[in-house]
file my_file10.txt (compact mmCIF, C-alpha atoms)
# COMPACT_ATOMS: atom_id res chain seq x y z
CA MET C 143 -11.89 3.09 -6.19
CA ARG C 144 -11.21 1.60 -2.73
CA PRO C 145 -8.11 2.85 -0.87
CA LEU C 146 -5.38 0.24 -0.36
CA VAL C 147 -4.38 1.62 3.03
CA GLY C 148 -6.51 3.23 5.70
CA ALA C 149 -7.58 3.07 9.32
CA GLY C 150 -9.29 -0.26 8.70
CA SER C 151 -6.34 -1.75 6.84
CA PRO C 152 -3.00 -0.35 8.01
CA LEU C 153 0.15 -1.19 6.10
CA LEU C 154 3.41 -2.27 7.67
CA LEU C 155 6.20 -2.74 5.16
CA LYS C 156 9.05 -5.15 5.84
CA GLN C 157 10.64 -4.35 2.48
CA GLY C 158 9.90 -2.67 -0.82
CA ALA C 159 9.62 0.96 0.26
CA GLU C 160 12.89 1.72 -1.55
CA ASP C 161 11.38 0.58 -4.86
CA LEU C 162 8.40 2.86 -4.39
CA GLY C 163 10.73 5.73 -3.47
CA ARG C 164 12.72 5.27 -6.68
CA VAL C 165 9.55 5.26 -8.78
CA LEU C 166 8.22 8.37 -7.06
CA GLU C 167 11.56 10.09 -7.60
CA GLY C 168 11.37 9.22 -11.32
CA LEU C 169 7.83 10.58 -11.48
CA ARG C 170 8.91 13.76 -9.71
CA ALA C 171 11.85 14.21 -12.10
CA GLU C 172 9.62 13.76 -15.15
CA TRP C 173 7.05 16.18 -13.74
CA ALA C 174 9.76 18.76 -12.98
CA GLY C 175 11.19 18.33 -16.47
CA GLU C 176 9.48 17.53 -19.74
CA ARG C 177 6.09 16.45 -18.32
CA ASP C 178 5.59 14.02 -21.18
CA ALA C 179 2.06 12.69 -20.65
CA VAL C 180 2.95 9.18 -21.86
CA LEU C 181 5.94 8.93 -19.51
CA VAL C 182 4.00 10.37 -16.56
CA ARG C 183 1.32 7.75 -17.18
CA HIS C 184 4.00 5.02 -17.17
CA TRP C 185 5.48 6.30 -13.90
CA LEU C 186 2.00 6.37 -12.34
CA SER C 187 1.33 2.84 -13.57
CA LEU C 188 4.61 1.66 -12.02
CA ALA C 189 3.76 3.38 -8.73
CA HIS C 190 0.30 1.81 -8.69
CA GLY C 191 1.74 -1.64 -9.42
CA ILE C 192 4.32 -1.40 -6.66
CA VAL C 193 1.81 -0.08 -4.12
CA SER C 194 -0.61 -2.87 -5.04
CA ARG C 195 2.13 -5.44 -4.61
CA LEU C 196 3.22 -4.01 -1.26
CA ALA C 197 -0.33 -3.90 0.09
CA ARG C 198 -1.41 -7.33 -1.16
CA PRO C 199 0.34 -9.84 1.12
CA TRP C 200 -0.35 -8.02 4.40
CA ARG C 201 -3.75 -9.63 4.99
CA ARG C 202 -2.92 -13.12 3.80
CA ALA C 203 -2.71 -15.68 6.58
CA THR C 204 -1.47 -13.34 9.28
CA ARG C 205 -2.68 -13.02 12.82
CA VAL C 206 -2.72 -9.25 12.47
CA GLY C 207 -4.81 -9.52 9.31
CA ALA C 208 -7.30 -11.77 11.13
CA LEU C 209 -7.39 -9.31 14.02
CA TRP C 210 -8.12 -6.35 11.74
CA ALA C 211 -10.85 -8.33 9.96
CA ALA C 212 -12.45 -9.15 13.32
CA VAL C 213 -12.19 -5.54 14.48
CA ALA C 214 -13.75 -4.33 11.23
CA ARG C 215 -16.70 -6.71 11.78
CA ASP C 216 -17.29 -5.72 15.42
CA LEU C 217 -15.65 -2.68 16.98
CA THR C 218 -16.67 -3.76 20.50
CA ILE C 219 -14.47 -6.89 20.61
CA ASP C 220 -11.36 -7.24 22.75
CA GLY C 221 -8.67 -6.99 20.06
CA LYS C 222 -5.85 -9.02 21.60
CA LEU C 223 -3.73 -11.43 19.62
CA THR C 224 -3.60 -15.00 20.91
CA THR C 225 -0.17 -16.49 21.41
call {"tool": "encode", "arguments": {"input": "my_file10.txt", "output": "structure tokens"}}
result
Amino acid sequence: MRPLVGAGSPLLLKQGAEDLGRVLEGLRAEWAGERDAVLVRHWLSLAHGIVSRLARPWRRATRVGALWAAVARDLTIDGKLTT
């Protein structure tokens, strides 16, 4: 499994972190309580879905995404954004 976020693909959220926080709080509450395996699996699935959604649009048609792709191809380039 490939990480969604890392040194080669940083993540800057404009919105949506609150949703992830609520899901993680629900997961924490279930784990601290009943630890029902089915419900824990649902919370994890929700967390994965939200993280995937948050990470997806970052690279689409952005100058920063193009910059990171260029840097990943050749670490010796001058990584300045054009205006």
call {"tool": "atom_distance", "arguments": {"input": "my_file10.txt", "atom1": "CA of Val213 (chain C)", "atom2": "CA of Ala189 (chain C)"}}
result
29.5 Å
call {"tool": "atom_distance", "arguments": {"input": "my_file10.txt", "atom1": "CA of Arg170 (chain C)", "atom2": "CA of Arg183 (chain C)"}}
result
12.2 Å
call {"tool": "residues_around", "arguments": {"input": "my_file10.txt", "residues": "Gly163 (chain C)", "least_positions_apart": "4", "cutoff": "12 Å", "atoms": "only C-alpha atoms", "output": "list in words"}}
result
Gln157, Gly158, Ala159, Glu167, Gly168, Leu169, Arg170, Trp185, Leu188, Ala189, Ile192 and Val193 of chain C
call {"tool": "atom_distance", "arguments": {"input": "my_file10.txt", "atom1": "CA of Leu155 (chain C)", "atom2": "CA of Arg195 (chain C)"}}
result
10.9 Å
call {"tool": "closest_residue", "arguments": {"input": "my_file10.txt", "among": "C:Val206, C:Leu162, C:Lys222, C:Asp216", "to": "His190 (chain C)", "atoms": "all atoms listed in the file"}}
result
C:Leu162
